[in-house]
file structure-v1.cif (mmCIF, C-alpha atoms)
data_protein
#
loop_
_atom_site.label_atom_id
_atom_site.label_comp_id
_atom_site.auth_asym_id
_atom_site.auth_seq_id
_atom_site.Cartn_x
_atom_site.Cartn_y
_atom_site.Cartn_z
CA MET A 1 -6.14 -16.13 20.83
CA ARG A 2 -5.83 -19.15 18.58
CA GLU A 3 -2.72 -21.28 18.79
CA VAL A 4 -0.21 -20.87 16.00
CA SER A 5 1.56 -23.95 14.79
CA GLY A 6 5.21 -24.13 13.91
CA ALA A 7 4.26 -24.19 10.24
CA ASP A 8 2.42 -20.93 10.69
CA SER A 9 5.03 -19.13 12.69
CA GLY A 10 8.11 -20.22 10.76
CA ASP A 11 10.97 -22.56 11.50
CA GLY A 12 14.49 -22.61 12.78
CA ALA A 13 15.90 -22.21 9.28
CA GLY A 14 14.96 -18.55 9.27
CA ARG A 15 11.82 -18.90 7.15
CA ALA A 16 8.62 -17.05 7.97
CA GLY A 17 5.33 -18.96 7.92
CA PRO A 18 1.88 -18.02 6.55
CA ALA A 19 0.85 -16.30 9.79
CA ALA A 20 3.85 -13.98 9.57
CA TRP A 21 3.02 -12.96 6.02
CA ARG A 22 -0.68 -12.53 6.82
CA ASN A 23 0.15 -10.19 9.67
CA LEU A 24 2.70 -8.30 7.58
CA LEU A 25 0.32 -7.71 4.67
CA THR A 26 -2.61 -6.76 6.93
CA ALA A 27 -0.46 -4.34 8.95
CA THR A 28 0.94 -2.79 5.75
CA ALA A 29 -2.57 -2.21 4.39
CA GLY A 30 -3.60 -0.54 7.65
CA PHE A 31 -0.46 1.57 7.73
CA THR A 32 -1.22 2.72 4.17
CA LEU A 33 -4.79 3.76 4.94
CA THR A 34 -4.00 5.55 8.20
CA PHE A 35 -1.06 7.34 6.57
CA TRP A 36 -3.41 8.49 3.81
CA ALA A 37 -5.66 9.89 6.54
CA TRP A 38 -2.68 11.44 8.34
CA SER A 39 -1.67 13.37 5.22
CA LEU A 40 -5.13 14.42 4.02
CA VAL A 41 -4.59 18.13 4.63
CA ALA A 42 -1.34 18.66 2.71
CA PRO A 43 -2.62 17.88 -0.84
CA LEU A 44 -5.55 20.22 -0.27
CA ALA A 45 -3.49 23.14 1.06
CA GLY A 46 -3.68 24.97 -2.27
CA ASP A 47 -7.46 24.55 -2.56
CA LEU A 48 -7.96 25.53 1.06
CA ASP A 49 -5.77 28.60 0.54
CA GLU A 50 -8.10 29.84 -2.20
CA ARG A 51 -10.89 29.81 0.39
CA LEU A 52 -8.99 30.89 3.50
CA HIS A 53 -6.26 33.15 1.96
CA MET A 54 -3.46 31.90 4.21
CA THR A 55 0.11 33.16 4.38
CA SER A 56 2.92 30.76 3.48
CA PHE A 57 3.72 30.28 7.18
CA ALA A 58 0.05 29.66 8.03
CA GLN A 59 -0.07 26.91 5.39
CA SER A 60 3.08 25.40 6.91
CA VAL A 61 1.48 25.31 10.35
CA LEU A 62 -1.70 23.76 8.95
CA VAL A 63 0.07 20.85 7.27
CA ALA A 64 2.57 20.39 10.11
CA VAL A 65 0.11 20.05 13.02
CA PRO A 66 -1.02 16.47 12.20
CA VAL A 67 2.65 15.54 11.81
CA LEU A 68 3.47 16.85 15.28
CA VAL A 69 0.61 15.05 17.02
CA GLY A 70 1.08 11.83 15.08
CA SER A 71 4.76 11.85 15.95
CA LEU A 72 4.37 12.44 19.68
CA GLY A 73 1.47 9.98 19.80
CA ARG A 74 3.74 7.15 18.70
CA VAL A 75 5.44 7.14 22.09
CA PRO A 76 2.43 6.05 24.18
CA VAL A 77 0.95 3.99 21.32
CA GLY A 78 4.19 2.01 20.96
CA ALA A 79 4.30 1.33 24.70
CA LEU A 80 0.62 0.34 24.72
CA THR A 81 1.33 -2.07 21.85
CA ASP A 82 4.04 -3.73 23.95
CA ARG A 83 1.45 -4.23 26.66
CA TYR A 84 -1.81 -5.01 24.83
CA GLY A 85 -0.61 -6.20 21.42
CA ALA A 86 -1.30 -5.15 17.85
CA ARG A 87 -4.44 -7.30 17.65
CA LEU A 88 -6.19 -4.75 19.84
CA MET A 89 -4.33 -1.58 18.93
CA PHE A 90 -4.46 -1.72 15.12
CA PRO A 91 -8.24 -1.99 14.67
CA LEU A 92 -8.82 0.42 17.58
CA VAL A 93 -6.61 3.21 16.23
CA SER A 94 -7.89 2.68 12.68
CA ALA A 95 -11.50 3.03 13.85
CA LEU A 96 -10.77 6.12 15.94
CA THR A 97 -9.10 7.80 12.95
CA ILE A 98 -12.47 7.85 11.19
CA VAL A 99 -13.64 10.62 13.53
CA PRO A 100 -11.21 13.40 12.47
CA VAL A 101 -11.47 12.34 8.81
CA LEU A 102 -15.21 13.05 8.88
CA LEU A 103 -14.74 16.22 10.96
CA LEU A 104 -12.66 17.69 8.12
CA ILE A 105 -15.87 18.09 6.10
CA PRO A 106 -17.37 20.89 8.25
CA ALA A 107 -13.96 22.20 9.36
CA ARG A 108 -12.49 23.03 5.95
CA SER A 109 -14.04 26.50 5.86
CA HIS A 110 -12.44 27.67 9.11
CA TYR A 111 -8.70 27.86 9.74
CA LEU A 112 -8.89 27.39 13.51
CA ALA A 113 -11.23 24.43 13.10
CA LEU A 114 -8.78 22.83 10.66
CA ILE A 115 -5.97 23.25 13.18
CA LEU A 116 -8.03 21.61 15.93
CA VAL A 117 -9.12 18.71 13.70
CA GLY A 118 -5.51 18.36 12.55
CA PHE A 119 -4.50 17.63 16.13
CA VAL A 120 -6.91 14.69 16.27
CA LEU A 121 -6.02 13.61 12.72
CA GLY A 122 -2.49 13.03 13.99
CA LEU A 123 -3.81 9.79 15.48
CA GLY A 124 -3.49 8.23 12.02
CA GLY A 125 0.27 8.69 12.12
CA THR A 126 0.70 6.53 15.23
CA THR A 127 0.08 3.13 13.59
CA PHE A 128 3.74 2.93 12.63
CA ALA A 129 4.53 2.20 16.29
CA ILE A 130 1.97 -0.63 16.24
CA GLY A 131 3.17 -2.37 13.09
CA VAL A 132 6.91 -2.43 13.77
CA PRO A 133 6.78 -4.56 16.96
CA LEU A 134 4.16 -6.81 15.33
CA VAL A 135 6.31 -7.49 12.26
CA ASN A 136 9.48 -7.70 14.32
CA SER A 137 7.98 -10.44 16.51
CA TRP A 138 6.79 -12.60 13.61
CA PHE A 139 9.93 -12.62 11.44
CA PRO A 140 13.31 -14.25 12.19
CA PRO A 141 16.31 -11.92 12.63
CA ALA A 142 17.77 -12.67 9.19
CA ARG A 143 14.57 -11.49 7.48
CA ARG A 144 13.46 -8.62 9.70
CA GLY A 145 15.13 -5.89 7.68
CA ALA A 146 13.29 -6.84 4.48
CA ALA A 147 10.00 -7.46 6.33
CA LEU A 148 10.15 -4.09 8.07
CA GLY A 149 10.97 -2.53 4.70
CA VAL A 150 7.84 -4.06 3.21
CA PHE A 151 5.79 -2.76 6.13
CA GLY A 152 7.37 0.64 5.61
CA MET A 153 5.88 0.69 2.12
CA GLY A 154 2.72 1.75 3.93
CA MET A 155 4.22 5.22 3.62
CA GLY A 156 2.69 4.95 0.17
CA GLY A 157 -0.44 6.29 1.83
CA VAL A 158 1.18 9.71 1.42
CA ALA A 159 1.55 9.09 -2.32
CA LEU A 160 -2.02 7.86 -2.62
CA SER A 161 -3.23 10.91 -0.75
CA GLY A 162 -1.18 13.27 -2.90
CA TYR A 163 -2.53 11.76 -6.12
CA PHE A 164 -6.14 10.84 -5.35
CA THR A 165 -7.25 13.33 -2.67
CA PRO A 166 -7.18 16.49 -4.85
CA ARG A 167 -8.81 14.63 -7.76
CA LEU A 168 -11.59 13.25 -5.57
CA TYR A 169 -12.01 16.71 -4.07
CA ARG A 170 -12.66 18.12 -7.57
CA HIS A 171 -15.52 15.63 -8.03
CA GLY A 172 -17.04 16.43 -4.66
CA GLU A 173 -15.61 18.36 -1.75
CA SER A 174 -16.75 15.71 0.76
CA LEU A 175 -15.91 12.71 -1.43
CA PRO A 176 -12.29 11.97 -0.32
CA PHE A 177 -13.26 12.14 3.35
CA LEU A 178 -16.31 9.89 2.99
CA LEU A 179 -14.48 7.26 0.92
CA LEU A 180 -11.50 7.14 3.28
CA ALA A 181 -13.76 6.89 6.34
CA LEU A 182 -15.53 3.92 4.72
CA ALA A 183 -12.20 2.26 3.87
CA LEU A 184 -10.96 2.69 7.46
CA ALA A 185 -14.18 1.18 8.84
CA VAL A 186 -13.85 -1.89 6.59
CA TYR A 187 -10.19 -2.25 7.49
CA ALA A 188 -10.85 -2.02 11.24
CA VAL A 189 -13.18 -5.02 10.98
CA LEU A 190 -10.72 -7.02 8.85
CA ALA A 191 -7.81 -6.19 11.16
CA ALA A 192 -9.74 -7.46 14.18
CA VAL A 193 -10.08 -10.81 12.37
CA LEU A 194 -6.73 -11.16 10.58
CA ILE A 195 -4.12 -9.67 12.94
CA THR A 196 -2.79 -11.99 15.63
CA ASP A 197 -0.06 -11.39 18.16
CA ARG A 198 2.67 -14.01 18.17
CA PRO A 199 2.13 -16.54 20.98
CA GLY A 200 4.75 -16.26 23.68
CA ARG A 201 5.68 -12.68 22.87
CA PRO A 202 7.14 -10.86 25.91
CA VAL A 203 4.39 -8.92 27.67
CA PRO A 204 5.75 -6.29 30.07
CA SER A 205 4.12 -6.06 33.47
CA THR A 206 5.71 -2.78 34.54
CA PRO A 207 3.82 0.53 34.21
CA LEU A 208 3.93 2.39 30.90
CA THR A 209 5.94 5.27 32.33
CA ASP A 210 8.59 2.88 33.66
CA ARG A 211 8.90 1.17 30.29
CA LEU A 212 9.24 4.44 28.45
CA ALA A 213 11.84 5.58 30.96
CA ALA A 214 13.78 2.33 30.47
CA ALA A 215 13.71 2.78 26.70
CA GLY A 216 14.76 6.39 27.12
CA ARG A 217 17.80 5.34 29.14
CA LEU A 218 19.19 3.36 26.22
CA ARG A 219 21.76 5.47 24.41
CA VAL A 220 20.95 3.79 21.13
CA THR A 221 17.33 4.99 21.36
CA TRP A 222 18.46 8.59 20.93
CA GLU A 223 21.15 7.80 18.39
CA LEU A 224 18.60 6.04 16.21
CA SER A 225 16.10 8.83 16.86
CA ALA A 226 18.52 11.39 15.44
CA LEU A 227 19.18 9.32 12.32
CA TYR A 228 15.49 8.61 11.79
CA ALA A 229 14.63 12.27 12.28
CA ILE A 230 16.79 12.99 9.23
CA GLY A 231 15.71 10.03 7.06
CA PHE A 232 12.01 9.63 7.76
CA GLY A 233 11.68 13.26 8.85
CA GLY A 234 12.86 14.29 5.42
CA ILE A 235 10.22 12.08 3.82
CA VAL A 236 7.44 13.52 5.95
CA ALA A 237 8.65 17.09 5.42
CA PHE A 238 8.71 16.72 1.65
CA GLY A 239 5.41 14.83 1.73
CA VAL A 240 3.58 17.64 3.48
CA TYR A 241 5.40 20.65 2.02
CA LEU A 242 6.46 19.60 -1.48
CA PRO A 243 3.07 20.54 -3.06
CA THR A 244 3.42 24.03 -1.55
CA TYR A 245 7.07 24.29 -2.66
CA LEU A 246 6.25 23.27 -6.24
CA LYS A 247 3.24 25.57 -6.36
CA THR A 248 5.11 28.56 -4.88
CA TRP A 249 8.50 28.24 -6.58
CA TYR A 250 7.70 26.52 -9.88
CA ASP A 251 4.18 27.98 -10.37
CA LEU A 252 2.46 24.61 -10.71
CA GLY A 253 -1.26 24.16 -10.23
CA PRO A 254 -2.51 22.32 -7.12
CA THR A 255 -3.30 19.09 -9.01
CA ASP A 256 0.01 19.03 -10.91
CA ALA A 257 1.96 19.80 -7.72
CA GLY A 258 0.10 17.06 -5.86
CA THR A 259 0.82 14.56 -8.63
CA ARG A 260 4.55 15.30 -8.61
CA ALA A 261 4.61 15.12 -4.81
CA ALA A 262 2.89 11.75 -5.05
CA GLY A 263 5.69 10.60 -7.38
CA PHE A 264 8.25 11.66 -4.78
CA ALA A 265 6.40 9.71 -2.08
CA LEU A 266 6.12 6.67 -4.34
CA VAL A 267 9.89 6.57 -4.82
CA THR A 268 10.42 6.67 -1.04
CA VAL A 269 8.00 3.76 -0.72
CA VAL A 270 9.87 1.68 -3.30
CA PHE A 271 13.27 2.32 -1.75
CA ARG A 272 12.33 1.73 1.89
CA PRO A 273 12.29 -2.08 1.46
CA VAL A 274 15.48 -1.72 -0.57
CA GLY A 275 17.09 -0.19 2.52
CA GLY A 276 15.81 -3.07 4.64
CA TRP A 277 16.93 -5.69 2.12
CA LEU A 278 20.41 -4.20 1.91
CA SER A 279 20.58 -4.11 5.71
CA ASP A 280 20.07 -7.88 5.86
CA ARG A 281 23.31 -8.18 3.83
CA VAL A 282 25.39 -5.15 4.84
CA HIS A 283 25.47 -3.50 8.25
CA PRO A 284 22.47 -1.11 8.31
CA ALA A 285 24.68 1.69 9.63
CA VAL A 286 26.75 1.52 6.43
CA VAL A 287 23.60 1.58 4.29
CA THR A 288 22.34 4.57 6.27
CA ALA A 289 25.62 6.43 5.85
CA TRP A 290 25.72 6.02 2.08
CA ALA A 291 22.05 6.98 1.71
CA LEU A 292 22.37 10.14 3.81
CA GLY A 293 25.61 11.07 2.06
CA LEU A 294 23.72 10.98 -1.25
CA VAL A 295 20.97 13.18 0.18
CA ALA A 296 23.55 15.72 1.39
CA VAL A 297 24.98 16.12 -2.13
CA LEU A 298 21.57 16.31 -3.80
CA ALA A 299 20.28 18.96 -1.37
CA VAL A 300 23.23 21.22 -2.22
CA LEU A 301 22.47 20.89 -5.92
CA GLN A 302 18.77 21.64 -5.40
CA SER A 303 19.65 24.76 -3.41
CA PHE A 304 20.82 26.36 -6.68
CA ASP A 305 17.18 26.37 -7.88
CA PRO A 306 17.57 24.34 -11.10
CA VAL A 307 14.84 24.21 -13.72
CA LEU A 308 12.04 21.80 -12.87
CA VAL A 309 12.34 19.61 -15.97
CA PRO A 310 14.49 17.66 -16.04
CA THR A 311 17.08 18.76 -13.45
CA ALA A 312 15.03 19.47 -10.31
CA THR A 313 12.76 16.50 -11.02
CA VAL A 314 15.75 14.13 -11.16
CA LEU A 315 17.33 15.66 -8.06
CA LEU A 316 14.13 15.44 -6.00
CA LEU A 317 13.39 11.86 -7.06
CA ALA A 318 16.97 10.81 -6.26
CA THR A 319 16.60 12.53 -2.87
CA ALA A 320 13.44 10.49 -2.33
CA ALA A 321 15.42 7.32 -3.08
CA GLY A 322 18.10 8.25 -0.56
CA LEU A 323 15.64 9.16 2.18
CA GLY A 324 13.58 6.01 1.58
CA THR A 325 16.67 3.81 1.77
CA ALA A 326 17.84 5.52 4.97
CA SER A 327 14.47 5.16 6.70
CA GLY A 328 14.42 1.43 5.91
CA SER A 329 17.99 0.83 7.08
CA VAL A 330 17.55 2.74 10.35
CA PHE A 331 14.65 0.54 11.40
CA ALA A 332 16.57 -2.54 10.41
CA LEU A 333 19.11 -1.31 12.94
CA VAL A 334 16.35 -0.84 15.55
CA ALA A 335 15.28 -4.45 15.11
CA ARG A 336 18.87 -5.63 15.44
CA VAL A 337 19.88 -3.87 18.65
CA THR A 338 16.66 -3.56 20.67
CA PRO A 339 15.53 -6.23 23.18
CA GLN A 340 12.33 -7.89 21.94
CA GLY A 341 10.22 -6.76 24.90
CA GLN A 342 11.17 -3.12 24.35
CA VAL A 343 10.74 -2.89 20.57
CA GLY A 344 7.37 -1.11 20.85
CA SER A 345 8.63 1.44 23.37
CA VAL A 346 11.84 2.15 21.45
CA THR A 347 9.92 2.24 18.16
CA GLY A 348 7.52 4.76 19.66
CA ILE A 349 10.34 7.10 20.70
CA VAL A 350 12.33 6.68 17.49
CA GLY A 351 9.21 7.03 15.36
CA ALA A 352 8.19 10.14 17.29
CA MET A 353 11.56 11.75 16.67
CA GLY A 354 11.29 10.83 12.99
CA GLY A 355 7.91 12.48 12.76
CA LEU A 356 9.15 15.52 14.65
CA GLY A 357 11.95 15.66 12.12
CA GLY A 358 9.18 16.16 9.57
CA PHE A 359 7.37 18.78 11.65
CA VAL A 360 10.14 21.36 11.79
CA PRO A 361 11.29 21.63 8.10
CA PRO A 362 7.93 22.80 6.68
CA LEU A 363 7.89 25.58 9.28
CA VAL A 364 11.50 26.46 8.43
CA MET A 365 10.83 26.43 4.69
CA GLY A 366 7.76 28.62 5.10
CA ALA A 367 9.60 31.06 7.35
CA VAL A 368 12.68 31.19 5.11
CA TYR A 369 10.59 31.81 2.00
CA SER A 370 8.59 34.53 3.75
CA ALA A 371 11.79 36.26 4.87
CA LYS A 372 14.12 35.71 1.89
CA ASP A 373 11.81 34.85 -1.02
CA SER A 374 14.00 31.76 -1.57
CA TYR A 375 14.27 28.16 -0.44
CA SER A 376 18.04 27.82 -0.90
CA ILE A 377 18.90 28.24 2.80
CA ALA A 378 16.44 25.49 3.74
CA PHE A 379 18.04 23.03 1.29
CA MET A 380 21.51 23.86 2.59
CA LEU A 381 20.31 23.12 6.14
CA LEU A 382 19.02 19.74 4.93
CA SER A 383 22.42 19.05 3.39
CA ASP A 384 24.20 19.86 6.65
CA LEU A 385 21.93 17.56 8.67
CA ALA A 386 22.24 14.70 6.18
CA LEU A 387 26.04 14.99 6.15
CA ALA A 388 26.14 14.95 9.96
CA GLY A 389 23.97 11.82 9.98
CA CYS A 390 26.19 10.18 7.36
CA VAL A 391 29.34 10.74 9.42
CA TYR A 392 27.74 9.60 12.69
CA ALA A 393 26.17 6.47 11.19
CA TYR A 394 29.44 5.34 9.63
CA GLY A 395 31.74 6.37 12.46
CA ARG A 396 29.68 5.33 15.48
CA MET A 397 26.74 3.05 14.69
CA ARG A 398 28.70 0.30 12.94
CA THR A 399 29.73 -0.94 16.41
CA ALA A 400 26.12 -1.56 17.45
CA GLY A 401 24.42 -4.95 17.30
CA ALA A 402 25.40 -8.43 16.23
CA ALA A 403 26.29 -9.88 12.85
CA PRO A 404 23.50 -10.00 10.27
CA GLY A 405 21.17 -12.93 10.91
CA SER A 406 22.35 -13.54 14.44
CA PRO A 407 19.57 -13.56 17.04
CA ARG A 408 20.11 -11.19 19.92
CA PRO A 409 19.15 -12.39 23.40
CA ALA A 410 16.17 -10.46 24.72
CA ALA A 411 17.76 -9.94 28.10
CA GLU A 412 21.02 -8.59 26.74
CA ALA A 413 22.05 -5.43 28.55
CA PRO A 414 22.43 -2.06 26.80
CA ARG A 415 26.22 -2.31 27.08
CA VAL A 416 26.32 -3.72 23.55
CA PHE A 417 25.60 -0.24 22.26
CA THR A 418 28.88 1.17 23.52
CA GLY A 419 31.07 -0.95 21.27
CA PRO A 420 32.41 -4.50 20.97
CA LYS A 421 33.49 -6.33 24.09
CA PRO A 422 37.20 -6.67 24.76
CA ARG A 423 38.63 -10.18 24.55
CA ARG A 424 39.06 -11.98 27.80
#
call {"tool": "encode", "arguments": {"input": "structure-v1.cif", "output": "structure tokens"}}
result
Amino acid sequence: MREVSGADSGDGAGRAGPAAWRNLLTATAGFTLTFWAWSLVAPLAGDLDERLHMTSFAQSVLVAVPVLVGSLGRVPVGALTDRYGARLMFPLVSALTIVPVLLLIPARSHYLALILVGFVLGLGGTTFAIGVPLVNSWFPPARRGAALGVFGMGMGGVALSGYFTPRLYRHGESLPFLLLALALAVYAVLAAVLITDRPGRPVPSTPLTDRLAAAGRLRVTWELSALYAIGFGGIVAFGVYLPTYLKTWYDLGPTDAGTRAAGFALVTVVFRPVGGWLSDRVHPAVVTAWALGLVAVLAVLQSFDPVLVPTATVLLLATAAGLGTASGSVFALVARVTPQGQVGSVTGIVGAMGGLGGFVPPLVMGAVYSAKDSYSIAFMLLSDLALAGCVYAYGRMRTAGAAPGSPRPAAEAPRVFTGPKPRR
């Protein structure tokens, strides 16, 4: 690995150097492409249904399987990133994702084959656990919230998939898969050249299972997991199920539904760095509480099944803004309270729980609609979860971490998560 000068890596004044920005932009591009791959199935659910004649619940399972695997896969991938670094992991995972993308071409005519390929396609959703420790290591504490928010804009891959995948599919049923496979191959080569791990980063020597167990023993890991399961889980759930919801409830065509779902995803992308930026100035727990409180109110309003234009459109886009802000602020909190050497492991667990938070709602929405011919109950459940997250973030998580901009010693014990120290 080449040496990185002080000018490259930043300085003591809290500024990030060229190497930090190069790594951030390269990781964000990779996150975008792999997230596009991860969400390839959802925008095509309507077209695939015309061929396979699936029930609403079967469609939910189809779009949820990659979410499940991608979520659980973040746990080992995050721990492997702690050990081997993003310079190896990012190009490797990007290249491996090409395989399921191409396998979708022959699999799209068979439901079981789509389910099996969807398991492997989940690999594309694991790059989140690679990028967070990379960005976290390159940026000073006072700028990590905004930097992680910029990296989180890679969620825009869901928006790109929602908008472009069905349109490319109309021009040629193999076209979106071939183009994305080519883009991933080019990116894997560029990532191998451009991504560098920060010199001197802590490299754990303990076995992967021990590191995951240590991260799992931190109370804050599970507190943040619950909050992220609501914030990011809501984004993933809407990303994979919103086209089906709009098509089923508002009678939109597959292309129109995919376009509107892409708009929802785009708003989450824009507001994720807003959540990180606000968290550099206000405690991220407070930002999270306000964002989830907004989502709770909006979900109640949407449960009354308002007309699509303009009421439901405004409510859904505002929900996207709240969820995007919350997902950015939660990971700003991760960066603040997690020891540097454990960021990958904790990120893997938190990211997995966030993805799992997106796995369950599509199944619930499909089951509720099949049973009640309505989505109102599902939106009320979202409101309840968001309100619970709002109360917990404001009442409990404000005691976690140090003041904004204050570096946290890497060896600091988990006792900081239980509240401020008493005065001696």
call {"tool": "atom_distance", "arguments": {"input": "structure-v1.cif", "atom1": "atom CA of A:Pro100", "atom2": "atom CA of A:Leu52"}}
result
19.8 Å
call {"tool": "closest_atom_pairs", "arguments": {"input": "structure-v1.cif", "of": "stretch 128-200 of chain A", "to": "stretch 39-50 of chain A", "cutoff": "9 Å", "atoms": "all atoms listed in the file", "output": "CSV"}}
result
residue,atom,partner,partner_atom,distance
A:Gly157,CA,A:Ser39,CA,7.9
A:Val158,CA,A:Ser39,CA,6.0
A:Ser161,CA,A:Leu40,CA,6.2
A:Gly162,CA,A:Pro43,CA,5.3
A:Tyr163,CA,A:Pro43,CA,8.1
A:Thr165,CA,A:Pro43,CA,6.7
A:Pro166,CA,A:Leu44,CA,6.1
A:Tyr169,CA,A:Leu44,CA,8.3
A:Pro176,CA,A:Leu40,CA,8.7
A:Phe177,CA,A:Leu40,CA,8.5
call {"tool": "write_last_selection", "arguments": {"input": "structure-v1.cif", "atoms": "C-alpha atoms", "output": "PDB file, keeping the file's coordinate frame"}}
result
ATOM      1  CA  GLY A 157      -0.440   6.290   1.830  1.00  0.00           C
ATOM      2  CA  VAL A 158       1.180   9.710   1.420  1.00  0.00           C
ATOM      3  CA  SER A 161      -3.230  10.910  -0.750  1.00  0.00           C
ATOM      4  CA  GLY A 162      -1.180  13.270  -2.900  1.00  0.00           C
ATOM      5  CA  TYR A 163      -2.530  11.760  -6.120  1.00  0.00           C
ATOM      6  CA  THR A 165      -7.250  13.330  -2.670  1.00  0.00           C
ATOM      7  CA  PRO A 166      -7.180  16.490  -4.850  1.00  0.00           C
ATOM      8  CA  TYR A 169     -12.010  16.710  -4.070  1.00  0.00           C
ATOM      9  CA  PRO A 176     -12.290  11.970  -0.320  1.00  0.00           C
ATOM     10  CA  PHE A 177     -13.260  12.140   3.350  1.00  0.00           C
TER      11      PHE A 177
END
call {"tool": "closest_residue", "arguments": {"input": "structure-v1.cif", "among": "A:Gly124, A:Gly276, A:Pro254, A:Pro91", "to": "A:Leu148", "atoms": "only C-alpha atoms"}}
result
A:Gly276
call {"tool": "closest_residue", "arguments": {"input": "structure-v1.cif", "among": "A:Thr311, A:Ser374, A:Thr34, A:Thr221", "to": "A:Ala95", "atoms": "all atoms listed in the file"}}
result
A:Thr34
call {"tool": "resolve_selection", "arguments": {"input": "structure-v1.cif", "expression": "the PyMOL selection byres ((chain A and resi 231) around 12)", "output": "compact mmCIF listing (two decimals) with C-alpha atoms, in the coordinates of the input"}}
result
# COMPACT_ATOMS: atom_id res chain seq x y z
CA LEU A 224 18.60 6.04 16.21
CA SER A 225 16.10 8.83 16.86
CA ALA A 226 18.52 11.39 15.44
CA LEU A 227 19.18 9.32 12.32
CA TYR A 228 15.49 8.61 11.79
CA ALA A 229 14.63 12.27 12.28
CA ILE A 230 16.79 12.99 9.23
CA PHE A 232 12.01 9.63 7.76
CA GLY A 233 11.68 13.26 8.85
CA GLY A 234 12.86 14.29 5.42
CA ILE A 235 10.22 12.08 3.82
CA VAL A 236 7.44 13.52 5.95
CA ALA A 237 8.65 17.09 5.42
CA PHE A 238 8.71 16.72 1.65
CA THR A 268 10.42 6.67 -1.04
CA PHE A 271 13.27 2.32 -1.75
CA ARG A 272 12.33 1.73 1.89
CA GLY A 275 17.09 -0.19 2.52
CA VAL A 287 23.60 1.58 4.29
CA THR A 288 22.34 4.57 6.27
CA ALA A 289 25.62 6.43 5.85
CA TRP A 290 25.72 6.02 2.08
CA ALA A 291 22.05 6.98 1.71
CA LEU A 292 22.37 10.14 3.81
CA GLY A 293 25.61 11.07 2.06
CA LEU A 294 23.72 10.98 -1.25
CA VAL A 295 20.97 13.18 0.18
CA ALA A 296 23.55 15.72 1.39
CA THR A 319 16.60 12.53 -2.87
CA ALA A 320 13.44 10.49 -2.33
CA ALA A 321 15.42 7.32 -3.08
CA GLY A 322 18.10 8.25 -0.56
CA LEU A 323 15.64 9.16 2.18
CA GLY A 324 13.58 6.01 1.58
CA THR A 325 16.67 3.81 1.77
CA ALA A 326 17.84 5.52 4.97
CA SER A 327 14.47 5.16 6.70
CA GLY A 328 14.42 1.43 5.91
CA SER A 329 17.99 0.83 7.08
CA VAL A 330 17.55 2.74 10.35
CA PHE A 331 14.65 0.54 11.40
CA VAL A 350 12.33 6.68 17.49
CA GLY A 351 9.21 7.03 15.36
CA MET A 353 11.56 11.75 16.67
CA GLY A 354 11.29 10.83 12.99
CA GLY A 355 7.91 12.48 12.76
CA LEU A 356 9.15 15.52 14.65
CA GLY A 357 11.95 15.66 12.12
CA GLY A 358 9.18 16.16 9.57
CA LEU A 382 19.02 19.74 4.93
CA SER A 383 22.42 19.05 3.39
CA LEU A 385 21.93 17.56 8.67
CA ALA A 386 22.24 14.70 6.18
CA LEU A 387 26.04 14.99 6.15
CA ALA A 388 26.14 14.95 9.96
CA GLY A 389 23.97 11.82 9.98
CA CYS A 390 26.19 10.18 7.36
CA ALA A 393 26.17 6.47 11.19
call {"tool": "closest_residue", "arguments": {"input": "structure-v1.cif", "among": "A:Gly145, A:Gly395, A:Pro207, A:Gly216", "to": "A:Val282", "atoms": "all atoms listed in the file"}}
result
A:Gly145
